[in-house]
file upload.cif (mmCIF, C-alpha atoms)
data_data
loop_
_atom_site.label_atom_id
_atom_site.label_comp_id
_atom_site.auth_asym_id
_atom_site.auth_seq_id
_atom_site.Cartn_x
_atom_site.Cartn_y
_atom_site.Cartn_z
CA MET A 939 -25.69 -38.12 18.12
CA SER A 940 -29.28 -37.88 19.17
CA ALA A 941 -31.56 -35.98 16.82
CA ALA A 942 -33.31 -34.31 19.76
CA HIS A 943 -32.40 -30.85 18.57
CA VAL A 944 -32.91 -29.92 14.92
CA PRO A 945 -31.02 -26.67 14.35
CA ASP A 946 -32.64 -23.83 12.53
CA PRO A 947 -31.27 -23.79 8.91
CA ALA A 948 -30.11 -20.16 9.14
CA GLU A 949 -28.32 -20.87 12.39
CA LEU A 950 -26.71 -23.98 10.94
CA ALA A 951 -25.54 -22.01 7.88
CA SER A 952 -24.00 -19.38 10.12
CA PHE A 953 -22.33 -22.07 12.25
CA VAL A 954 -20.89 -23.72 9.13
CA GLU A 955 -19.41 -20.36 8.08
CA GLN A 956 -17.77 -19.96 11.49
CA PHE A 957 -16.57 -23.56 11.34
CA VAL A 958 -14.86 -22.95 7.98
CA VAL A 959 -13.04 -19.90 9.38
CA ALA A 960 -12.05 -21.79 12.54
CA VAL A 961 -10.59 -24.77 10.65
CA ASP A 962 -8.64 -22.38 8.37
CA PHE A 963 -8.70 -24.51 5.21
CA GLN A 964 -5.69 -24.13 2.92
CA ASN A 965 -7.90 -24.67 -0.14
CA ALA A 966 -11.61 -23.93 -0.22
CA VAL A 967 -13.78 -27.03 0.19
CA PRO A 968 -17.58 -27.21 0.17
CA VAL A 969 -18.87 -27.65 3.71
CA ALA A 970 -22.47 -28.13 4.84
CA GLY A 971 -24.17 -29.20 8.04
CA ASP A 972 -24.17 -32.82 6.98
CA THR A 973 -20.53 -32.85 5.83
CA LYS A 974 -18.67 -35.64 7.59
CA LEU A 975 -15.71 -34.37 9.59
CA ALA A 976 -13.63 -37.39 8.63
CA ASP A 977 -14.06 -36.47 4.94
CA LEU A 978 -12.48 -33.03 5.43
CA PRO A 979 -8.79 -32.99 4.50
CA GLU A 980 -7.90 -30.66 7.35
CA TRP A 981 -9.95 -32.07 10.19
CA ASP A 982 -6.86 -32.43 12.38
CA SER A 983 -5.72 -31.45 15.87
CA LEU A 984 -5.18 -27.83 14.81
CA ALA A 985 -8.71 -27.67 13.41
CA ALA A 986 -10.06 -29.09 16.67
CA LEU A 987 -8.34 -26.30 18.62
CA GLY A 988 -9.80 -23.68 16.27
CA VAL A 989 -13.32 -25.07 16.64
CA ILE A 990 -13.04 -25.26 20.46
CA VAL A 991 -11.91 -21.61 20.57
CA MET A 992 -14.78 -20.63 18.25
CA CYS A 993 -17.42 -22.43 20.37
CA ASP A 994 -15.99 -20.79 23.49
CA THR A 995 -15.70 -17.21 22.21
CA ASP A 996 -18.77 -17.09 19.93
CA TYR A 997 -21.17 -19.36 21.84
CA GLY A 998 -19.78 -19.28 25.40
CA VAL A 999 -19.70 -23.08 25.49
CA THR A 1000 -16.80 -25.34 26.46
CA ILE A 1001 -16.41 -28.16 23.95
CA THR A 1002 -13.77 -30.77 24.80
CA GLY A 1003 -11.62 -32.96 22.59
CA ASN A 1004 -13.76 -35.93 23.60
CA ASP A 1005 -16.95 -34.07 22.61
CA LEU A 1006 -15.48 -33.56 19.14
CA LYS A 1007 -14.55 -37.25 18.86
CA GLU A 1008 -18.24 -38.08 19.34
CA CYS A 1009 -19.27 -35.83 16.45
CA VAL A 1010 -19.64 -37.31 12.96
CA THR A 1011 -20.83 -34.25 11.02
CA VAL A 1012 -20.29 -30.51 11.27
CA GLY A 1013 -23.92 -30.18 12.40
CA ASP A 1014 -23.24 -32.60 15.26
CA ILE A 1015 -20.88 -30.00 16.76
CA LEU A 1016 -23.67 -27.42 16.77
CA GLY A 1017 -25.80 -30.10 18.43
CA LYS A 1018 -23.17 -30.43 21.16
CA VAL A 1019 -23.16 -26.65 21.62
CA HIS A 1020 -26.94 -26.65 22.09
CA GLY A 1021 -26.77 -29.68 24.38
CA LYS A 1022 -24.29 -27.93 26.64
CA LYS A 1023 -26.17 -24.62 26.56
CA ALA A 1024 -29.35 -26.36 27.64
CA ARG A 1025 -27.65 -27.81 30.72
CA MET B 1283 -7.26 -20.72 45.77
CA ALA B 1284 -4.02 -19.80 47.44
CA ALA B 1285 -4.06 -16.00 47.51
CA VAL B 1286 -1.16 -14.58 49.40
CA THR B 1287 0.89 -11.40 49.72
CA LEU B 1288 4.61 -11.07 50.28
CA GLU B 1289 6.03 -7.93 51.85
CA ARG B 1290 9.59 -6.58 51.89
CA VAL B 1291 10.69 -8.37 48.70
CA ARG B 1292 12.05 -6.47 45.71
CA VAL B 1293 12.45 -7.84 42.19
CA LYS B 1294 15.77 -6.15 41.63
CA GLY B 1295 16.81 -7.29 38.18
CA LEU B 1296 16.38 -9.75 35.37
CA VAL B 1297 18.52 -11.18 32.53
CA CYS B 1298 17.43 -13.63 29.82
CA CYS B 1299 19.71 -15.75 27.67
CA VAL B 1300 18.83 -17.69 24.50
CA PRO B 1301 20.94 -19.74 22.09
CA LYS B 1302 21.99 -17.93 18.90
CA ALA B 1303 20.85 -20.94 16.89
CA SER B 1304 17.28 -20.88 15.66
CA VAL B 1305 14.95 -23.04 13.63
CA GLY B 1306 12.06 -21.78 11.51
CA ASN B 1307 8.69 -23.48 11.43
CA LEU B 1308 8.57 -22.72 7.71
CA ASP B 1309 11.89 -24.49 7.13
CA CYS B 1310 10.26 -27.50 5.54
CA ALA B 1311 9.93 -29.52 2.36
CA PRO B 1312 8.22 -27.49 -0.44
CA ASP B 1313 5.17 -29.77 -0.48
CA LYS B 1314 4.62 -29.11 3.23
CA ARG B 1315 4.79 -25.31 2.87
CA SER B 1316 1.06 -24.58 2.75
CA GLU B 1317 0.33 -26.89 5.71
CA ARG B 1318 3.13 -25.25 7.69
CA GLU B 1319 1.88 -21.74 6.85
CA ARG B 1320 -1.51 -22.71 8.26
CA LEU B 1321 0.21 -23.99 11.41
CA VAL B 1322 2.26 -20.81 11.86
CA ARG B 1323 -0.84 -18.66 11.32
CA ASN B 1324 -2.74 -20.47 14.04
CA ILE B 1325 -0.12 -21.16 16.70
CA GLY B 1326 1.54 -17.81 16.01
CA ILE B 1327 5.06 -19.23 16.16
CA SER B 1328 7.47 -18.63 13.29
CA ARG B 1329 10.95 -19.13 14.75
CA ARG B 1330 12.32 -20.89 17.79
CA ARG B 1331 15.67 -20.86 19.57
CA ILE B 1332 17.41 -24.19 19.92
CA CYS B 1333 20.50 -25.11 21.94
CA TYR B 1334 23.63 -26.11 20.07
CA PRO B 1335 24.57 -29.73 20.79
CA TRP B 1336 26.99 -28.58 23.49
CA GLN B 1337 24.54 -26.25 25.28
CA TYR B 1338 22.21 -27.12 28.14
CA PHE B 1339 19.66 -25.17 30.15
CA SER B 1340 22.16 -24.73 32.98
CA ASP B 1341 24.60 -23.01 30.58
CA LEU B 1342 21.99 -20.46 29.48
CA ALA B 1343 20.93 -19.86 33.09
CA GLN B 1344 24.52 -19.52 34.30
CA THR B 1345 25.35 -16.97 31.60
CA ALA B 1346 22.20 -15.03 32.50
CA ALA B 1347 23.01 -15.18 36.23
CA GLU B 1348 26.61 -14.03 35.81
CA GLN B 1349 25.57 -11.07 33.67
CA LEU B 1350 22.84 -10.28 36.18
CA LEU B 1351 25.32 -10.21 39.10
CA ASP B 1352 27.41 -7.68 37.16
CA ALA B 1353 24.35 -5.61 36.23
CA VAL B 1354 22.98 -5.31 39.78
CA GLY B 1355 26.47 -5.04 41.30
CA TRP B 1356 26.16 -7.99 43.68
CA LYS B 1357 29.20 -9.88 44.90
CA ARG B 1358 29.12 -13.67 44.78
CA GLU B 1359 29.71 -13.97 48.54
CA GLU B 1360 26.53 -11.96 49.17
CA ILE B 1361 24.26 -14.58 47.57
CA ASP B 1362 22.23 -16.47 50.17
CA ALA B 1363 20.07 -18.64 47.90
CA LEU B 1364 20.09 -20.02 44.36
CA ILE B 1365 16.80 -21.62 43.37
CA VAL B 1366 16.37 -23.25 39.95
CA VAL B 1367 12.97 -23.86 38.34
CA THR B 1368 13.42 -26.30 35.46
CA GLN B 1369 12.36 -29.57 33.91
CA SER B 1370 15.66 -29.79 32.03
CA PRO B 1371 18.15 -30.53 34.82
CA ASP B 1372 21.70 -31.53 33.90
CA TYR B 1373 21.02 -34.90 35.57
CA PRO B 1374 17.88 -36.54 37.03
CA ILE B 1375 19.71 -36.12 40.36
CA PRO B 1376 21.32 -34.15 42.00
CA SER B 1377 19.72 -30.71 41.73
CA THR B 1378 21.15 -28.46 39.03
CA ALA B 1379 21.05 -25.56 41.51
CA ILE B 1380 23.66 -27.26 43.70
CA ILE B 1381 25.94 -27.93 40.73
CA LEU B 1382 25.58 -24.26 39.74
CA GLN B 1383 26.53 -23.12 43.26
CA ASP B 1384 29.96 -24.54 42.59
CA ARG B 1385 30.18 -23.60 38.90
CA MET B 1386 29.31 -20.00 39.72
CA LYS B 1387 31.70 -19.92 42.68
CA LEU B 1388 28.95 -19.02 45.13
CA PRO B 1389 29.68 -19.62 48.82
CA ILE B 1390 28.90 -23.04 50.32
CA THR B 1391 26.52 -21.25 52.69
CA THR B 1392 24.17 -20.82 49.68
CA ILE B 1393 20.73 -22.48 49.96
CA ALA B 1394 20.38 -24.30 46.62
CA TYR B 1395 17.72 -26.65 45.22
CA ASP B 1396 15.53 -27.25 42.18
CA ILE B 1397 11.80 -26.88 41.73
CA ASN B 1398 10.18 -29.16 39.15
CA LEU B 1399 7.72 -26.93 37.31
CA GLY B 1400 7.30 -26.03 33.63
CA CYS B 1401 5.22 -23.33 31.99
CA SER B 1402 3.65 -22.14 35.25
CA GLY B 1403 6.99 -21.90 37.04
CA TYR B 1404 7.98 -18.23 37.11
CA PRO B 1405 5.38 -16.89 39.60
CA PHE B 1406 5.87 -20.00 41.77
CA GLY B 1407 9.63 -19.38 41.73
CA ILE B 1408 9.17 -15.75 42.76
CA TYR B 1409 6.85 -16.92 45.55
CA THR B 1410 9.31 -19.52 46.87
CA VAL B 1411 12.31 -17.21 46.82
CA GLY B 1412 10.24 -14.25 48.02
CA SER B 1413 9.02 -16.30 51.00
CA MET B 1414 12.63 -17.03 51.97
CA LEU B 1415 13.52 -13.33 51.80
CA SER B 1416 10.39 -11.80 53.28
CA SER B 1417 11.30 -12.50 56.91
CA GLY B 1418 14.72 -10.91 56.43
CA GLY B 1419 16.55 -14.09 57.41
CA ILE B 1420 18.37 -13.97 54.09
CA LYS B 1421 18.94 -10.86 52.03
CA LYS B 1422 19.87 -11.67 48.42
CA ALA B 1423 18.81 -14.54 46.19
CA LEU B 1424 18.96 -15.66 42.58
CA LEU B 1425 16.08 -17.40 40.81
CA LEU B 1426 17.07 -19.27 37.64
CA VAL B 1427 14.13 -20.29 35.46
CA GLY B 1428 13.78 -21.95 32.08
CA ASP B 1429 14.09 -25.08 29.99
CA LYS B 1430 15.84 -26.73 27.12
CA CYS B 1431 12.75 -28.06 25.40
CA ALA B 1432 13.17 -27.26 21.67
CA SER B 1433 13.49 -29.94 19.02
CA LEU B 1434 13.75 -29.72 15.25
CA SER B 1435 10.43 -31.47 14.68
CA ASP B 1436 8.14 -30.00 17.33
CA PRO B 1437 6.78 -26.60 16.23
CA LEU B 1438 6.06 -25.19 19.71
CA PHE B 1439 8.98 -25.25 22.08
CA SER B 1440 12.05 -23.04 22.27
CA ASP B 1441 15.06 -22.81 24.59
CA CYS B 1442 15.79 -20.05 27.10
CA GLY B 1443 17.43 -19.58 30.50
CA THR B 1444 16.70 -16.65 32.79
CA ALA B 1445 18.01 -15.20 36.02
CA THR B 1446 16.08 -12.96 38.40
CA ALA B 1447 17.62 -11.14 41.36
CA LEU B 1448 15.39 -10.77 44.42
CA GLU B 1449 16.32 -9.02 47.65
CA PHE B 1450 14.99 -8.23 51.11
CA ASP B 1451 13.91 -4.59 51.14
CA PRO B 1452 11.60 -3.18 53.86
CA ALA B 1453 10.55 -0.40 51.45
CA ALA B 1454 9.50 -2.73 48.60
CA PRO B 1455 5.82 -2.66 47.56
CA PRO B 1456 3.84 -5.87 48.30
CA ILE B 1457 3.68 -8.68 45.73
CA HIS B 1458 0.30 -10.41 45.46
CA PHE B 1459 -0.03 -14.02 44.32
CA ASP B 1460 -2.69 -16.47 43.20
CA MET B 1461 -1.46 -20.06 42.83
CA ASN B 1462 -3.26 -23.29 42.02
CA SER B 1463 -2.67 -26.95 41.18
CA ASP B 1464 -4.91 -29.63 39.65
CA GLY B 1465 -3.19 -32.99 39.47
CA SER B 1466 -6.28 -34.64 37.99
CA GLY B 1467 -5.01 -33.29 34.68
CA TYR B 1468 -1.47 -34.66 35.02
CA ARG B 1469 -1.76 -36.65 31.80
CA ALA B 1470 -2.42 -33.55 29.67
CA ILE B 1471 1.32 -32.86 29.38
CA ILE B 1472 3.54 -35.75 30.42
CA LEU B 1473 6.81 -37.50 29.77
CA PRO B 1474 5.41 -40.94 30.54
CA VAL B 1475 8.61 -42.95 30.76
CA GLY B 1476 11.98 -42.44 32.42
CA GLY B 1477 10.68 -42.21 35.99
CA HIS B 1478 10.35 -44.99 38.54
CA ARG B 1479 6.86 -46.06 37.45
CA GLU B 1480 8.02 -46.73 33.91
CA PRO B 1481 11.83 -46.82 33.65
CA THR B 1482 13.21 -46.28 30.14
CA GLN B 1483 13.73 -49.54 28.27
CA VAL B 1484 14.91 -50.31 24.76
CA HIS B 1485 11.40 -50.64 23.32
CA HIS B 1486 10.56 -47.08 24.46
CA LEU B 1487 13.10 -45.79 21.96
CA ILE B 1488 11.43 -47.32 18.88
CA PRO B 1489 9.55 -44.72 16.77
CA ARG B 1490 5.93 -45.69 16.07
CA LYS B 1491 2.96 -44.02 14.39
CA ASP B 1492 0.35 -42.83 16.88
CA ALA B 1493 -3.42 -42.49 16.36
CA ASP B 1494 -2.92 -39.16 14.55
CA GLY B 1495 -0.37 -40.67 12.17
CA GLU B 1496 2.52 -38.84 13.84
CA THR B 1497 5.73 -40.76 14.41
CA ARG B 1498 6.72 -40.69 18.07
CA ARG B 1499 8.60 -42.63 20.70
CA ASP B 1500 7.43 -43.40 24.23
CA VAL B 1501 10.28 -41.26 25.56
CA ASP B 1502 8.83 -38.18 23.80
CA LEU B 1503 6.61 -35.63 25.52
CA ILE B 1504 2.87 -36.20 25.18
CA LEU B 1505 0.81 -33.03 24.90
CA ASP B 1506 -2.98 -33.25 24.69
CA GLY B 1507 -3.62 -30.03 22.77
CA THR B 1508 -7.36 -29.81 23.32
CA ALA B 1509 -7.05 -30.56 27.06
CA VAL B 1510 -4.37 -27.88 27.47
CA LEU B 1511 -6.43 -25.37 25.49
CA ASN B 1512 -9.54 -26.05 27.59
CA PHE B 1513 -7.56 -25.89 30.82
CA SER B 1514 -5.79 -22.63 29.98
CA THR B 1515 -8.75 -20.74 28.59
CA GLN B 1516 -11.14 -21.89 31.36
CA ARG B 1517 -8.82 -21.55 34.37
CA VAL B 1518 -6.61 -18.54 33.68
CA PRO B 1519 -9.11 -15.69 33.05
CA PRO B 1520 -11.07 -16.18 36.31
CA ALA B 1521 -7.79 -16.64 38.22
CA LEU B 1522 -6.49 -13.31 36.92
CA ARG B 1523 -9.76 -11.58 37.80
CA ALA B 1524 -9.63 -13.11 41.29
CA LEU B 1525 -6.02 -11.98 41.75
CA CYS B 1526 -6.83 -8.40 40.75
CA GLU B 1527 -9.75 -8.40 43.17
CA TYR B 1528 -7.62 -9.84 45.99
CA ALA B 1529 -4.85 -7.31 45.31
CA LYS B 1530 -7.40 -4.48 45.13
CA THR B 1531 -5.87 -3.64 41.78
CA PRO B 1532 -8.56 -2.94 39.16
CA ILE B 1533 -7.82 -4.75 35.88
CA GLU B 1534 -7.67 -1.37 34.10
CA SER B 1535 -4.87 -0.20 36.37
CA VAL B 1536 -2.54 -3.05 35.40
CA ASP B 1537 -0.06 -1.69 32.86
CA TYR B 1538 0.96 -5.03 31.38
CA PHE B 1539 -0.32 -8.59 31.46
CA VAL B 1540 2.71 -10.76 30.78
CA LEU B 1541 1.25 -14.17 30.09
CA HIS B 1542 3.06 -17.44 29.56
CA GLN B 1543 3.54 -17.75 25.80
CA ALA B 1544 1.66 -21.00 25.11
CA ASN B 1545 0.42 -20.52 21.57
CA ARG B 1546 -1.52 -17.78 19.77
CA MET B 1547 -4.91 -19.51 20.06
CA ILE B 1548 -4.63 -19.93 23.83
CA ASN B 1549 -3.15 -16.49 24.49
CA GLU B 1550 -5.60 -14.64 22.28
CA THR B 1551 -8.57 -16.44 23.83
CA ILE B 1552 -7.41 -15.47 27.33
CA ARG B 1553 -6.83 -11.87 26.21
CA LYS B 1554 -10.27 -11.60 24.61
CA LYS B 1555 -12.03 -13.15 27.60
CA LEU B 1556 -10.46 -10.52 29.83
CA GLN B 1557 -11.19 -7.81 27.22
CA LEU B 1558 -7.59 -6.59 27.31
CA ALA B 1559 -6.15 -4.26 24.68
CA PRO B 1560 -3.43 -6.00 22.60
CA GLU B 1561 -0.83 -3.36 23.58
CA LYS B 1562 -1.24 -4.38 27.23
CA VAL B 1563 -0.48 -8.02 26.45
CA PRO B 1564 3.01 -8.24 24.92
CA SER B 1565 4.03 -11.38 23.02
CA THR B 1566 7.25 -13.08 21.97
CA LEU B 1567 5.53 -16.08 20.40
CA TYR B 1568 6.26 -15.23 16.76
CA GLU B 1569 10.03 -14.89 17.14
CA PHE B 1570 10.74 -17.08 20.18
CA GLY B 1571 7.97 -19.70 20.40
CA ASN B 1572 6.92 -21.30 23.68
CA THR B 1573 9.90 -20.93 26.01
CA SER B 1574 8.25 -22.81 28.91
CA SER B 1575 8.81 -21.22 32.32
CA ALA B 1576 11.17 -18.63 30.78
CA SER B 1577 8.44 -17.07 28.64
CA VAL B 1578 7.30 -14.47 31.20
CA PRO B 1579 10.74 -12.98 31.93
CA LEU B 1580 11.74 -13.32 28.25
CA THR B 1581 8.67 -11.37 27.13
CA MET B 1582 9.40 -8.69 29.72
CA THR B 1583 12.97 -8.38 28.46
CA VAL B 1584 12.21 -8.43 24.73
CA CYS B 1585 9.02 -6.34 24.69
CA LEU B 1586 9.04 -4.15 27.81
CA ARG B 1587 12.69 -3.48 28.64
CA GLU B 1588 12.73 0.21 27.76
CA ARG B 1589 9.39 0.87 29.40
CA LEU B 1590 10.08 -1.00 32.65
CA THR B 1591 13.59 0.38 33.13
CA SER B 1592 12.46 3.99 32.65
CA ALA B 1593 9.34 4.31 34.84
CA PRO B 1594 7.38 2.45 37.53
CA ALA B 1595 4.80 -0.05 36.29
CA THR B 1596 2.20 -2.49 37.54
CA VAL B 1597 2.89 -5.85 35.90
CA LEU B 1598 0.71 -8.94 36.18
CA MET B 1599 2.66 -12.12 35.39
CA SER B 1600 0.90 -15.41 34.77
CA GLY B 1601 2.20 -18.91 34.14
CA PHE B 1602 0.06 -21.97 33.35
CA GLY B 1603 0.58 -25.49 32.05
CA ILE B 1604 2.07 -28.85 32.96
CA GLY B 1605 0.85 -30.28 36.26
CA LEU B 1606 -1.72 -28.94 35.76
CA SER B 1607 -0.57 -25.81 37.51
CA TRP B 1608 -1.35 -22.12 37.21
CA GLY B 1609 0.00 -19.18 39.15
CA SER B 1610 0.04 -15.41 38.81
CA CYS B 1611 1.42 -12.43 40.63
CA ILE B 1612 1.17 -8.64 40.52
CA VAL B 1613 4.50 -6.89 40.88
CA GLN B 1614 5.04 -3.13 41.11
CA THR B 1615 8.32 -2.58 39.32
CA ASP B 1616 10.36 0.54 39.88
CA GLY B 1617 13.80 0.90 38.39
CA ILE B 1618 14.15 -2.82 37.69
CA VAL B 1619 17.55 -3.65 36.18
CA MET B 1620 17.00 -5.35 32.80
CA PRO B 1621 19.97 -5.62 30.44
CA PRO B 1622 19.25 -6.53 26.80
CA LEU B 1623 18.62 -10.14 25.77
CA VAL B 1624 21.83 -12.20 25.80
CA GLU B 1625 22.47 -14.54 22.85
CA VAL B 1626 25.14 -17.24 23.14
#
call {"tool": "encode", "arguments": {"input": "upload.cif", "output": "C-alpha cells"}}
result
Amino acid sequence: MSAAHVPDPAELASFVEQFVVAVDFQNAVPVAGDTKLADLPEWDSLAALGVIVMCDTDYGVTITGNDLKECVTVGDILGKVHGKKAR
Amino acid sequence: MAAVTLERVRVKGLVCCVPKASVGNLDCAPDKRSERERLVRNIGISRRRICYPWQYFSDLAQTAAEQLLDAVGWKREEIDALIVVTQSPDYPIPSTAIILQDRMKLPITTIAYDINLGCSGYPFGIYTVGSMLSSGGIKKALLLVGDKCASLSDPLFSDCGTATALEFDPAAPPIHFDMNSDGSGYRAIILPVGGHREPTQVHHLIPRKDADGETRRDVDLILDGTAVLNFSTQRVPPALRALCEYAKTPIESVDYFVLHQANRMINETIRKKLQLAPEKVPSTLYEFGNTSSASVPLTMTVCLRERLTSAPATVLMSGFGIGLSWGSCIVQTDGIVMPPLVEV
C-alpha cells in the first residue's frame, strides 16, 4: 500500500471499531490500525463479506475481494476506502 | 436494460414442495460450535431441506405441479406448455420438462423444454411462459422452478421444487419486467467440469485442499463469495428502482419485495440500500436456506400465503445470481391460489 494518505487517528479508531463488528469475532482480540489481517484468527471469507458490506453501507464505497487481498493491515483497508472515494 | 410489459397473463396459482428431511448448520462437532454460530449469525441460515437419496428435483416439482392442478381445477388435457427452470435436470439431456410431460400424463401437444438458470430464474420463467400466453395462442401453462442443490457440508443451499400456473386472461393486470445478463462474471458461480470444455475425468473426483484450506473436488460448485456479494448489492437495488420507475409504481406502493434468498448479508444490504421496512421484505433464509430459483415462490408461500390469498397485492419479485443474471417483475396478485407448503 502507498502511504499517500495518512488517516486521521480518530477516524482510524472509529474504522477499527466498525471493522471489529463487521468481522464478528467469536472471542475478543485486540485490533489496531496496524494489526496485520493475516494475524487475526477470523480473517476468513465470512469476515471479508462483513467488511465489504460495512464499507458499502457506512462509507458508500465498493471494496472488492481483490482489494482486500492487497491489504496487509486493517488500516490499509481504510486507505483503500479513501483511495476509492477520491476517484 | 430489458424493460418489458406483458398483458393478458394471470399468475393463477402456486405450490411449493420441499423434502421432509432437513440438516442444521449447527449440527456439527462440539469444537466447531462457536465457529458455526458465527456463520449462522452472518449468513442467517439455520436449517436447510435436503432430498432423501431417492428424491430428485423433478420429483419435488412433479408433486407440486400435481397438487397445483387439483388446486386450480385444471384438467391435464388443458395444459398447453410445461416449462422447467432448473440446473438440476434428471439427465444432462434430454430436457426434464419433456420427461415430466409423460410422467404427468400431459398431452403430447404440450410445449415442453428446460431453461438453464439458477437463482435469478423465477422472473425469467414467468417472462418466458407469459410471452407464450400473452398473444392468446395458448391458454394454460405450468412453470416448474427449483433445484436440488443441498449438500451436508455446504451451509447455504437447500432443496425445493415449485409449480406456478399461468393462464391467458384478457382481464389480467399487466406484469412489468426488468431483466439483465452479464456473462463477464460467469466464473463467480460455476461448475467448472462436466461440460464439453472440461469433461469429467477421474482426477476431478479427488478431494484436494484449496487456497482457503477447504477440501473440495473439481466437480464441486465454485462460488466466489465476495464477487457474488458485490454483484448482488451493486446491481439489484438500482434495477429494482428502475423497474418501479418503468412500471410507474412508486416503491412505497409495493406491498412486498420478495427477493431471492441469497444470504442474510446480501439480502439485508439490498433492503437497507432501498430503505425498505423489514415487514415488506419477507425471508425464509433462517428455516429454509438458499433454495436457488425456488426461493421467491417458496418465500411467498411460507410468509405471505394468508395475505396474498385474502386480498389483492402488489408484489415485486427479484432473482439474481449465477450467470451473472438478474431479473425482476411486478405482479398484481388478486385471489392467487396458494395451498400450504407441501413436504414429502
call {"tool": "closest_atom_pairs", "arguments": {"input": "upload.cif", "of": "chain B", "to": "chain A", "cutoff": "9 Å", "atoms": "only C-alpha atoms", "output": "CSV"}}
result
residue,atom,partner,partner_atom,distance
B:Ser1316,CA,A:Gln964,CA,6.8
B:Glu1317,CA,A:Gln964,CA,7.2
B:Glu1319,CA,A:Gln964,CA,8.9
B:Arg1320,CA,A:Gln964,CA,6.9
B:Leu1321,CA,A:Leu984,CA,7.4
B:Asn1324,CA,A:Leu984,CA,7.8
B:Ile1325,CA,A:Leu984,CA,8.6
B:Asp1494,CA,A:Asp982,CA,8.1
B:Asp1506,CA,A:Gly1003,CA,8.9
B:Gly1507,CA,A:Leu987,CA,7.3
B:Thr1508,CA,A:Gly1003,CA,5.3
B:Ala1509,CA,A:Gly1003,CA,6.8
B:Leu1511,CA,A:Leu987,CA,7.2
B:Asn1512,CA,A:Thr1002,CA,6.9
B:Thr1515,CA,A:Val991,CA,8.7
B:Gln1516,CA,A:Thr1000,CA,8.2
B:Met1547,CA,A:Val991,CA,7.3
B:Ile1548,CA,A:Val991,CA,8.2
B:Thr1551,CA,A:Val991,CA,7.0
B:Lys1554,CA,A:Thr995,CA,8.2
B:Lys1555,CA,A:Thr995,CA,7.7
call {"tool": "atom_distance", "arguments": {"input": "upload.cif", "atom1": "atom CA of Met1386 of chain B", "atom2": "atom CA of Leu1425 of chain B"}}
result
13.5 Å
call {"tool": "atom_distance", "arguments": {"input": "upload.cif", "atom1": "atom CA of Arg1318 of chain B", "atom2": "atom CA of Pro1437 of chain B"}}
result
9.4 Å
call {"tool": "resolve_selection", "arguments": {"input": "upload.cif", "expression": "the PyMOL selection byres ((chain A and resi 970) around 10)", "output": "ChimeraX atom specification"}}
result
/A:950-951,953-955,957-958,967-969,971-974,1011-1013
call {"tool": "atom_distance", "arguments": {"input": "upload.cif", "atom1": "atom CA of Leu1399 of chain B", "atom2": "atom CA of Cys1298 of chain B"}}
result
18.1 Å
call {"tool": "resolve_selection", "arguments": {"input": "upload.cif", "expression": "the PyMOL selection byres ((chain B and resi 1610) around 12)", "output": "tab-separated table (two decimals) with C-alpha atoms, in the frame of the given file"}}
result
chain	number	residue	atom	x	y	z
B	1283	MET	CA	-7.26	-20.72	45.77
B	1284	ALA	CA	-4.02	-19.80	47.44
B	1285	ALA	CA	-4.06	-16.00	47.51
B	1286	VAL	CA	-1.16	-14.58	49.40
B	1287	THR	CA	0.89	-11.40	49.72
B	1401	CYS	CA	5.22	-23.33	31.99
B	1402	SER	CA	3.65	-22.14	35.25
B	1403	GLY	CA	6.99	-21.90	37.04
B	1404	TYR	CA	7.98	-18.23	37.11
B	1405	PRO	CA	5.38	-16.89	39.60
B	1406	PHE	CA	5.87	-20.00	41.77
B	1407	GLY	CA	9.63	-19.38	41.73
B	1408	ILE	CA	9.17	-15.75	42.76
B	1409	TYR	CA	6.85	-16.92	45.55
B	1457	ILE	CA	3.68	-8.68	45.73
B	1458	HIS	CA	0.30	-10.41	45.46
B	1459	PHE	CA	-0.03	-14.02	44.32
B	1460	ASP	CA	-2.69	-16.47	43.20
B	1461	MET	CA	-1.46	-20.06	42.83
B	1462	ASN	CA	-3.26	-23.29	42.02
B	1517	ARG	CA	-8.82	-21.55	34.37
B	1518	VAL	CA	-6.61	-18.54	33.68
B	1519	PRO	CA	-9.11	-15.69	33.05
B	1520	PRO	CA	-11.07	-16.18	36.31
B	1521	ALA	CA	-7.79	-16.64	38.22
B	1522	LEU	CA	-6.49	-13.31	36.92
B	1523	ARG	CA	-9.76	-11.58	37.80
B	1524	ALA	CA	-9.63	-13.11	41.29
B	1525	LEU	CA	-6.02	-11.98	41.75
B	1526	CYS	CA	-6.83	-8.40	40.75
B	1528	TYR	CA	-7.62	-9.84	45.99
B	1529	ALA	CA	-4.85	-7.31	45.31
B	1539	PHE	CA	-0.32	-8.59	31.46
B	1540	VAL	CA	2.71	-10.76	30.78
B	1541	LEU	CA	1.25	-14.17	30.09
B	1542	HIS	CA	3.06	-17.44	29.56
B	1578	VAL	CA	7.30	-14.47	31.20
B	1597	VAL	CA	2.89	-5.85	35.90
B	1598	LEU	CA	0.71	-8.94	36.18
B	1599	MET	CA	2.66	-12.12	35.39
B	1600	SER	CA	0.90	-15.41	34.77
B	1601	GLY	CA	2.20	-18.91	34.14
B	1602	PHE	CA	0.06	-21.97	33.35
B	1607	SER	CA	-0.57	-25.81	37.51
B	1608	TRP	CA	-1.35	-22.12	37.21
B	1609	GLY	CA	0.00	-19.18	39.15
B	1611	CYS	CA	1.42	-12.43	40.63
B	1612	ILE	CA	1.17	-8.64	40.52
B	1613	VAL	CA	4.50	-6.89	40.88
call {"tool": "closest_residue", "arguments": {"input": "upload.cif", "among": "B:Thr1581, B:Ser1413, B:Ser1535, B:Thr1391", "to": "Leu1623 of chain B", "atoms": "all atoms listed in the file"}}
result
B:Thr1581
call {"tool": "resolve_selection", "arguments": {"input": "upload.cif", "expression": "the PyMOL selection byres ((chain B and resi 1366) around 6)", "output": "list in words"}}
result
Ile1365, Val1367, Ala1379, Asp1396, Leu1425, Leu1426 and Val1427 of chain B
call {"tool": "residues_near_point", "arguments": {"input": "upload.cif", "point": "(-22.5, -28.0, 25.9)", "cutoff": "7 Å", "atoms": "all atoms listed in the file", "output": "PyMOL selection string"}}
result
chain A and resi 999-1001+1018-1023
call {"tool": "closest_residue", "arguments": {"input": "upload.cif", "among": "B:Gln1614, B:Leu1424, B:Glu1527, B:Gly1605", "to": "Thr1446 of chain B", "atoms": "all atoms listed in the file"}}
result
B:Leu1424
